[in-house]
file query-v2.cif (mmCIF, C-alpha atoms and all ligand atoms)
data_query
#
loop_
_atom_site.label_atom_id
_atom_site.label_comp_id
_atom_site.auth_asym_id
_atom_site.auth_seq_id
_atom_site.Cartn_x
_atom_site.Cartn_y
_atom_site.Cartn_z
CA MET H 1 0.26 -9.66 -4.17
CA MET H 2 -2.89 -8.43 -2.46
CA MET H 3 -4.30 -8.73 1.02
CA SER H 4 -8.02 -9.31 0.56
CA SER H 5 -10.45 -8.28 3.28
CA SER H 6 -11.24 -11.93 4.07
CA GLN H 7 -7.51 -12.72 4.38
CA ARG H 8 -7.03 -9.65 6.55
CA ASN H 9 -9.56 -10.95 9.01
CA ALA H 10 -8.63 -14.61 8.88
CA TYR H 11 -5.09 -14.50 10.26
CA SER H 12 -3.14 -12.73 12.90
CA TYR H 13 -0.91 -10.63 10.70
CA GLY H 14 0.50 -8.85 13.74
CA ASP H 15 1.79 -12.11 15.22
CA ALA H 16 5.43 -13.21 14.83
CA LEU H 17 4.42 -16.89 15.10
CA TYR H 18 2.13 -16.54 12.10
CA TRP H 19 4.91 -15.00 10.00
CA ASP H 20 7.55 -17.52 11.12
CA ALA H 21 5.27 -20.40 10.11
CA ARG H 22 4.47 -18.75 6.79
CA TYR H 23 8.13 -18.12 5.92
CA LEU H 24 9.10 -21.65 6.92
CA ALA H 25 6.41 -22.96 4.57
CA ASP H 26 7.57 -20.60 1.76
CA GLY H 27 11.11 -22.01 1.91
CA SER H 28 13.39 -20.13 -0.44
CA ALA H 29 10.54 -18.53 -2.43
CA SER H 30 10.26 -14.76 -2.56
CA PHE H 31 7.09 -12.72 -2.62
CA ASP H 32 6.38 -9.00 -2.90
CA TRP H 33 3.11 -7.82 -1.38
CA TYR H 34 0.98 -5.31 -3.28
CA GLN H 35 3.52 -3.99 -5.78
CA ARG H 36 6.96 -4.77 -7.18
CA TYR H 37 9.82 -2.27 -7.18
CA SER H 38 9.42 -1.71 -10.93
CA ALA H 39 6.01 -0.10 -10.27
CA LEU H 40 7.20 1.85 -7.23
CA ARG H 41 10.50 2.96 -8.72
CA PRO H 42 9.29 6.35 -10.03
CA PHE H 43 8.11 7.31 -6.55
CA VAL H 44 11.15 5.95 -4.74
CA ARG H 45 13.58 7.63 -7.14
CA LYS H 46 11.68 10.91 -6.90
CA TYR H 47 11.88 11.15 -3.13
CA VAL H 48 14.83 9.00 -2.04
CA PRO H 49 18.35 9.73 -3.27
CA VAL H 50 20.45 6.62 -3.98
CA SER H 51 22.90 7.74 -1.28
CA ALA H 52 20.15 7.72 1.41
CA GLY H 53 20.32 5.52 4.46
CA VAL H 54 17.15 3.43 4.04
CA LEU H 55 15.31 1.36 6.64
CA MET H 56 12.95 -1.25 5.16
CA VAL H 57 10.50 -2.18 7.91
CA GLY H 58 8.84 -5.61 7.77
CA CYS H 59 10.96 -6.59 4.76
CA GLY H 60 9.68 -10.17 4.57
CA ASN H 61 11.12 -12.17 1.66
CA ALA H 62 10.39 -9.45 -0.89
CA VAL H 63 12.92 -8.71 -3.63
CA MET H 64 12.24 -4.97 -3.36
CA SER H 65 15.49 -4.23 -1.48
CA GLU H 66 17.56 -6.30 -3.90
CA ASP H 67 15.98 -4.44 -6.81
CA MET H 68 16.77 -1.11 -5.15
CA VAL H 69 20.44 -2.08 -4.83
CA LYS H 70 20.46 -3.07 -8.52
CA ASP H 71 19.06 0.41 -9.15
CA GLY H 72 21.95 2.10 -7.31
CA TYR H 73 20.92 2.27 -3.63
CA ILE H 74 23.91 1.66 -1.38
CA ASP H 75 22.64 1.30 2.17
CA ILE H 76 19.46 -0.61 3.04
CA MET H 77 18.87 -1.95 6.53
CA ASN H 78 16.05 -4.50 6.51
CA ILE H 79 14.21 -5.53 9.63
CA ASP H 80 11.42 -7.99 10.27
CA ILE H 81 9.84 -9.52 13.37
CA SER H 82 10.34 -13.00 11.89
CA SER H 83 13.75 -14.46 12.73
CA VAL H 84 13.03 -17.17 10.14
CA VAL H 85 12.86 -14.70 7.28
CA THR H 86 15.68 -12.40 8.42
CA GLU H 87 18.00 -15.42 8.73
CA MET H 88 16.99 -16.67 5.27
CA MET H 89 17.48 -13.27 3.71
CA ARG H 90 20.81 -12.71 5.45
CA LYS H 91 22.10 -15.97 3.97
CA LYS H 92 20.63 -15.23 0.55
CA TYR H 93 22.31 -11.84 0.35
CA THR H 94 25.71 -12.36 2.03
CA HIS H 95 27.27 -11.37 -1.29
CA ILE H 96 25.46 -7.98 -1.34
CA PRO H 97 27.03 -5.74 1.32
CA GLN H 98 24.52 -2.94 0.62
CA LEU H 99 21.82 -5.12 2.21
CA ARG H 100 21.72 -5.91 5.91
CA TYR H 101 19.06 -7.93 7.74
CA MET H 102 18.14 -7.96 11.43
CA GLN H 103 15.32 -9.49 13.40
CA MET H 104 13.54 -6.61 15.13
CA ASP H 105 10.07 -5.54 16.21
CA VAL H 106 9.10 -2.31 14.50
CA ARG H 107 7.42 -1.24 17.74
CA ASP H 108 10.79 -1.21 19.53
CA MET H 109 13.72 -0.23 17.36
CA SER H 110 15.77 1.11 20.27
CA PHE H 111 18.81 -0.60 18.74
CA PHE H 112 18.96 2.41 16.38
CA ASP H 113 19.77 5.98 17.45
CA ASP H 114 17.36 8.88 16.97
CA GLU H 115 17.44 10.46 13.50
CA SER H 116 19.66 7.72 12.06
CA PHE H 117 17.83 7.17 8.74
CA ASP H 118 16.97 9.34 5.73
CA CYS H 119 14.11 7.15 4.64
CA VAL H 120 11.85 4.45 6.04
CA ILE H 121 9.96 2.27 3.55
CA ASP H 122 6.91 0.31 4.69
CA LYS H 123 5.09 -1.94 2.25
CA GLY H 124 2.35 -3.73 4.12
CA THR H 125 3.81 -3.66 7.62
CA LEU H 126 1.65 -0.98 9.25
CA ASP H 127 -1.21 -2.82 7.56
CA SER H 128 -0.16 -6.06 9.28
CA LEU H 129 -0.05 -4.41 12.67
CA MET H 130 -3.47 -2.90 12.06
CA CYS H 131 -4.81 -6.46 11.66
CA GLY H 132 -3.33 -7.77 14.88
CA VAL H 133 -4.42 -7.66 18.48
CA ASP H 134 -3.77 -4.28 20.13
CA ALA H 135 -3.83 -2.80 16.63
CA THR H 136 -4.15 0.82 17.73
CA LEU H 137 -1.38 0.62 20.30
CA SER H 138 0.91 -1.34 17.97
CA ALA H 139 0.44 1.10 15.09
CA SER H 140 0.96 4.05 17.39
CA ARG H 141 4.22 2.62 18.77
CA MET H 142 5.44 1.80 15.29
CA LEU H 143 4.81 5.32 14.02
CA GLU H 144 6.45 6.84 17.10
CA GLU H 145 9.52 4.76 16.34
CA VAL H 146 9.53 5.61 12.63
CA ASN H 147 9.25 9.28 13.51
CA ARG H 148 12.10 9.00 16.03
CA LEU H 149 14.45 7.26 13.60
CA LEU H 150 13.98 9.71 10.74
CA ARG H 151 16.11 12.79 10.51
CA PRO H 152 14.11 16.03 10.04
CA GLY H 153 13.23 16.23 6.35
CA GLY H 154 13.47 12.43 6.07
CA ILE H 155 10.82 10.42 4.25
CA TYR H 156 8.46 7.73 5.51
CA MET H 157 7.06 6.05 2.42
CA LEU H 158 3.99 4.02 3.31
CA ILE H 159 2.57 1.67 0.68
CA THR H 160 -0.78 0.39 1.88
CA TYR H 161 -4.34 -0.60 1.03
CA GLY H 162 -5.53 1.92 3.65
CA ASP H 163 -7.30 4.98 2.29
CA PRO H 164 -6.87 8.45 3.81
CA SER H 165 -9.96 8.17 6.01
CA VAL H 166 -8.15 5.53 8.08
CA ARG H 167 -4.46 6.22 7.45
CA ILE H 168 -4.20 10.03 7.68
CA PRO H 169 -5.60 10.30 11.23
CA ARG H 170 -3.28 7.47 12.22
CA LEU H 171 -0.23 9.13 10.64
CA ASN H 172 -1.05 12.43 12.31
CA GLN H 173 -1.04 10.99 15.80
CA PRO H 174 0.24 13.33 18.53
CA GLY H 175 4.01 13.68 18.38
CA CYS H 176 4.22 13.11 14.62
CA SER H 177 4.19 15.95 12.16
CA TRP H 178 4.40 15.17 8.46
CA ASN H 179 4.02 16.93 5.16
CA ILE H 180 2.08 14.27 3.29
CA ILE H 181 1.85 13.76 -0.45
CA LEU H 182 -0.51 11.03 -1.64
CA TYR H 183 -0.37 8.93 -4.79
CA ILE H 184 -2.83 6.21 -5.78
CA ILE H 185 -1.85 3.36 -8.06
CA PRO H 186 -3.93 0.46 -9.39
CA ARG H 187 -3.23 -3.16 -8.45
CA PRO H 188 -0.78 -4.96 -10.70
CA GLY H 189 -2.68 -6.32 -13.68
CA PHE H 190 -5.70 -4.05 -13.24
CA GLN H 191 -7.40 -3.55 -16.60
CA SER H 192 -8.86 -0.13 -17.13
CA HIS H 193 -12.18 -0.15 -18.98
CA GLY H 194 -11.93 3.55 -19.66
CA GLY H 195 -15.22 4.17 -17.87
CA CYS H 196 -13.76 6.58 -15.34
CA SER H 197 -13.92 10.25 -16.16
CA SER H 198 -10.63 11.19 -14.48
CA GLN H 199 -7.72 9.80 -16.52
CA ARG H 200 -5.06 10.87 -14.02
CA SER H 201 -1.39 10.12 -14.45
CA ILE H 202 -0.31 7.94 -11.52
CA MET H 203 2.58 10.37 -10.96
CA GLU H 204 0.09 13.13 -10.24
CA PRO H 205 -0.38 13.59 -6.48
CA VAL H 206 -3.96 13.29 -5.31
CA PRO H 207 -4.95 16.54 -3.59
CA LEU H 208 -6.06 16.15 0.01
CA THR H 209 -8.47 18.37 1.86
CA LYS H 210 -7.28 20.51 4.78
CA CYS H 211 -8.09 17.60 7.09
CA GLY H 212 -6.25 15.13 4.90
CA GLN H 213 -9.17 13.45 3.17
CA LEU H 214 -9.87 12.69 -0.49
CA PRO H 215 -11.72 15.50 -2.28
CA ALA H 216 -15.50 15.13 -2.34
CA GLY H 217 -16.60 13.12 -5.37
CA PHE H 218 -13.16 11.60 -5.99
CA VAL H 219 -13.61 8.26 -7.81
CA LEU H 220 -11.06 5.45 -7.82
CA GLU H 221 -10.73 3.73 -11.16
CA ASP H 222 -9.58 0.56 -9.39
CA PRO H 223 -11.51 0.20 -6.11
CA ASP H 224 -8.66 -1.98 -4.76
CA SER H 225 -5.96 0.56 -5.54
CA HIS H 226 -2.86 0.95 -3.44
CA TYR H 227 -2.03 4.19 -1.68
CA ILE H 228 1.46 5.63 -1.46
CA TYR H 229 1.82 8.15 1.35
CA VAL H 230 5.04 10.10 1.04
CA CYS H 231 5.44 11.57 4.51
CA GLU H 232 8.19 14.10 5.03
CA LYS H 233 9.12 14.55 8.67
CA GLU H 234 8.67 18.19 9.48
CA HIS H 235 11.45 20.24 10.95
CA GLY H 236 10.28 21.25 14.41
CA LEU H 237 6.88 22.51 15.46
CA LEU H 238 3.62 20.63 14.98
CA GLY H 239 1.49 21.84 12.06
CA ILE H 240 -1.57 23.74 13.24
CA ALA H 241 -3.82 22.29 10.52
CA GLN H 242 -2.86 18.76 11.50
CA ARG H 243 -3.60 19.42 15.17
CA ASP H 244 -7.00 20.82 14.23
CA CYS H 245 -7.87 17.51 12.51
CA SER H 246 -6.31 15.16 15.05
CA SER H 247 -9.60 14.59 16.86
CA ALA H 248 -10.52 12.35 13.90
CA LEU H 249 -7.91 9.79 15.11
CA LYS H 250 -9.38 6.29 14.99
C1 LIG W 1 2.40 -7.94 4.43
S1 LIG W 1 4.03 -8.47 4.75
C2 LIG W 1 4.98 -7.38 3.74
C3 LIG W 1 6.36 -7.90 3.45
C4 LIG W 1 7.20 -7.02 2.51
N1 LIG W 1 7.34 -5.68 3.05
C5 LIG W 1 6.61 -6.95 1.12
O1 LIG W 1 6.29 -5.86 0.67
O2 LIG W 1 6.46 -7.98 0.49
C6 LIG W 1 4.28 -7.78 6.40
C7 LIG W 1 5.64 -8.06 7.01
O3 LIG W 1 5.71 -7.36 8.25
C8 LIG W 1 6.36 -8.19 9.19
N2 LIG W 1 5.92 -7.76 10.53
C9 LIG W 1 4.70 -7.93 11.11
N3 LIG W 1 4.69 -7.39 12.34
C10 LIG W 1 5.93 -6.86 12.54
C11 LIG W 1 6.55 -6.17 13.60
N4 LIG W 1 5.87 -5.90 14.75
N5 LIG W 1 7.82 -5.78 13.48
C12 LIG W 1 8.52 -6.03 12.33
N6 LIG W 1 8.00 -6.68 11.29
C13 LIG W 1 6.71 -7.09 11.37
C14 LIG W 1 5.94 -9.60 8.83
O4 LIG W 1 6.81 -10.58 9.33
C15 LIG W 1 5.92 -9.51 7.31
O5 LIG W 1 7.17 -9.88 6.77
#

call {"tool": "encode", "arguments": {"input": "query-v2.cif", "output": "structure tokens"}}
result
Amino acid sequence: MMMSSSQRNAYSYGDALYWDARYLADGSASFDWYQRYSALRPFVRKYVPVSAGVLMVGCGNAVMSEDMVKDGYIDIMNIDISSVVTEMMRKKYTHIPQLRYMQMDVRDMSFFDDESFDCVIDKGTLDSLMCGVDATLSASRMLEEVNRLLRPGGIYMLITYGDPSVRIPRLNQPGCSWNIILYIIPRPGFQSHGGCSSQRSIMEPVPLTKCGQLPAGFVLEDPDSHYIYVCEKEHGLLGIAQRDCSSALK
């Protein structure tokens, strides 16, 4: 369920051919990267009403969307760059009308109108683009599209291995303006040894500095934790504080 740093460097995760080959090899198996819905459910239910129109970007063959429907969600559009996986998933879920699958590149979702979704969920897809060629341009296009598709007040929920030093400047690219709440959760199966002084509840947001960084001295109990960025699309004008920090964009 994890993308290790050696894996991240070894393959072209931004390449459709890589994913097609991988999904062909997987056959009918399913696989959820990073975390299963059961672990993410408290965050999803807190920020996304079951009536929301949800876009799952880079859905892969994860069971997350199916689990969300079992939990009451009624409208989940799933897209992925791999036609192999979207075709497999479409066939698998023909009996579940709440789930739709389309082959689409997250960098060009012009098929959808502006402000047509209440929520966009991304588990590992921005991460994939960040590992590909033209990573910066690809990520920037993806985030422009996500921002365009969300209605004001809508939520982009990003589940990633990327810590705020790399993800916050990226999220706050020109043209995007989010109110961001950050949560940090350990990898599945992580065993706490109780050696860390801060016994935080995972439902407690991690405070960010004015420039969107972790507080000085903040220690992760699991160094390979996952980060959940709950990004609410602001209504209207760009936030001044975010513009002040945008020069940190990498
Ligand atoms: C790390 S996997 C995550 C899959 C799934 N979200 C999960 O949590 O298990 C990344 C997914 O992003 C898809 N992907 C990569 N680049 C893409 C792009 N440009 N547009 C749409 N999907 C893309 C891949 O095909 C793959 O299914």

call {"tool": "residues_around", "arguments": {"input": "query-v2.cif", "residues": "H:Val69", "least_positions_apart": "6", "cutoff": "10 Å", "atoms": "only C-alpha atoms", "output": "PyMOL selection string"}}
result
chain H and resi 50+75-76+96-99

call {"tool": "closest_residue", "arguments": {"input": "query-v2.cif", "among": "H:Arg167, H:Arg141, H:Lys70, H:Arg41", "to": "ligand LIG 1 (chain W)", "atoms": "only C-alpha atoms and all ligand atoms"}}
result
H:Arg141

call {"tool": "residues_around", "arguments": {"input": "query-v2.cif", "residues": "H:Cys131", "least_positions_apart": "2", "cutoff": "8 Å", "atoms": "only C-alpha atoms", "output": "list of chain:residue names"}}
result
H:Arg8, H:Asn9, H:Ser12, H:Tyr13, H:Gly14, H:Asp127, H:Ser128, H:Leu129, H:Val133, H:Ala135

call {"tool": "write_last_selection", "arguments": {"input": "query-v2.cif", "atoms": "C-alpha atoms", "output": "tab-separated table (two decimals), in the coordinates of the input"}}
result
chain	number	residue	atom	x	y	z
H	8	ARG	CA	-7.03	-9.65	6.55
H	9	ASN	CA	-9.56	-10.95	9.01
H	12	SER	CA	-3.14	-12.73	12.90
H	13	TYR	CA	-0.91	-10.63	10.70
H	14	GLY	CA	0.50	-8.85	13.74
H	127	ASP	CA	-1.21	-2.82	7.56
H	128	SER	CA	-0.16	-6.06	9.28
H	129	LEU	CA	-0.05	-4.41	12.67
H	133	VAL	CA	-4.42	-7.66	18.48
H	135	ALA	CA	-3.83	-2.80	16.63

call {"tool": "residues_near_ligand", "arguments": {"input": "query-v2.cif", "ligand": "ligand LIG 1 (chain W)", "cutoff": "6 Å", "atoms": "all atoms listed in the file", "output": "PyMOL selection string"}}
result
chain H and resi 14+19+31-33+58-60+62+80-82+104-107+123-125+128-129

call {"tool": "atom_distance", "arguments": {"input": "query-v2.cif", "atom1": "atom CA of H:Tyr101", "atom2": "atom CA of H:Val54"}}
result
12.1 Å

call {"tool": "atom_distance", "arguments": {"input": "query-v2.cif", "atom1": "atom CA of H:Pro223", "atom2": "atom CA of H:Ser177"}}
result
28.8 Å
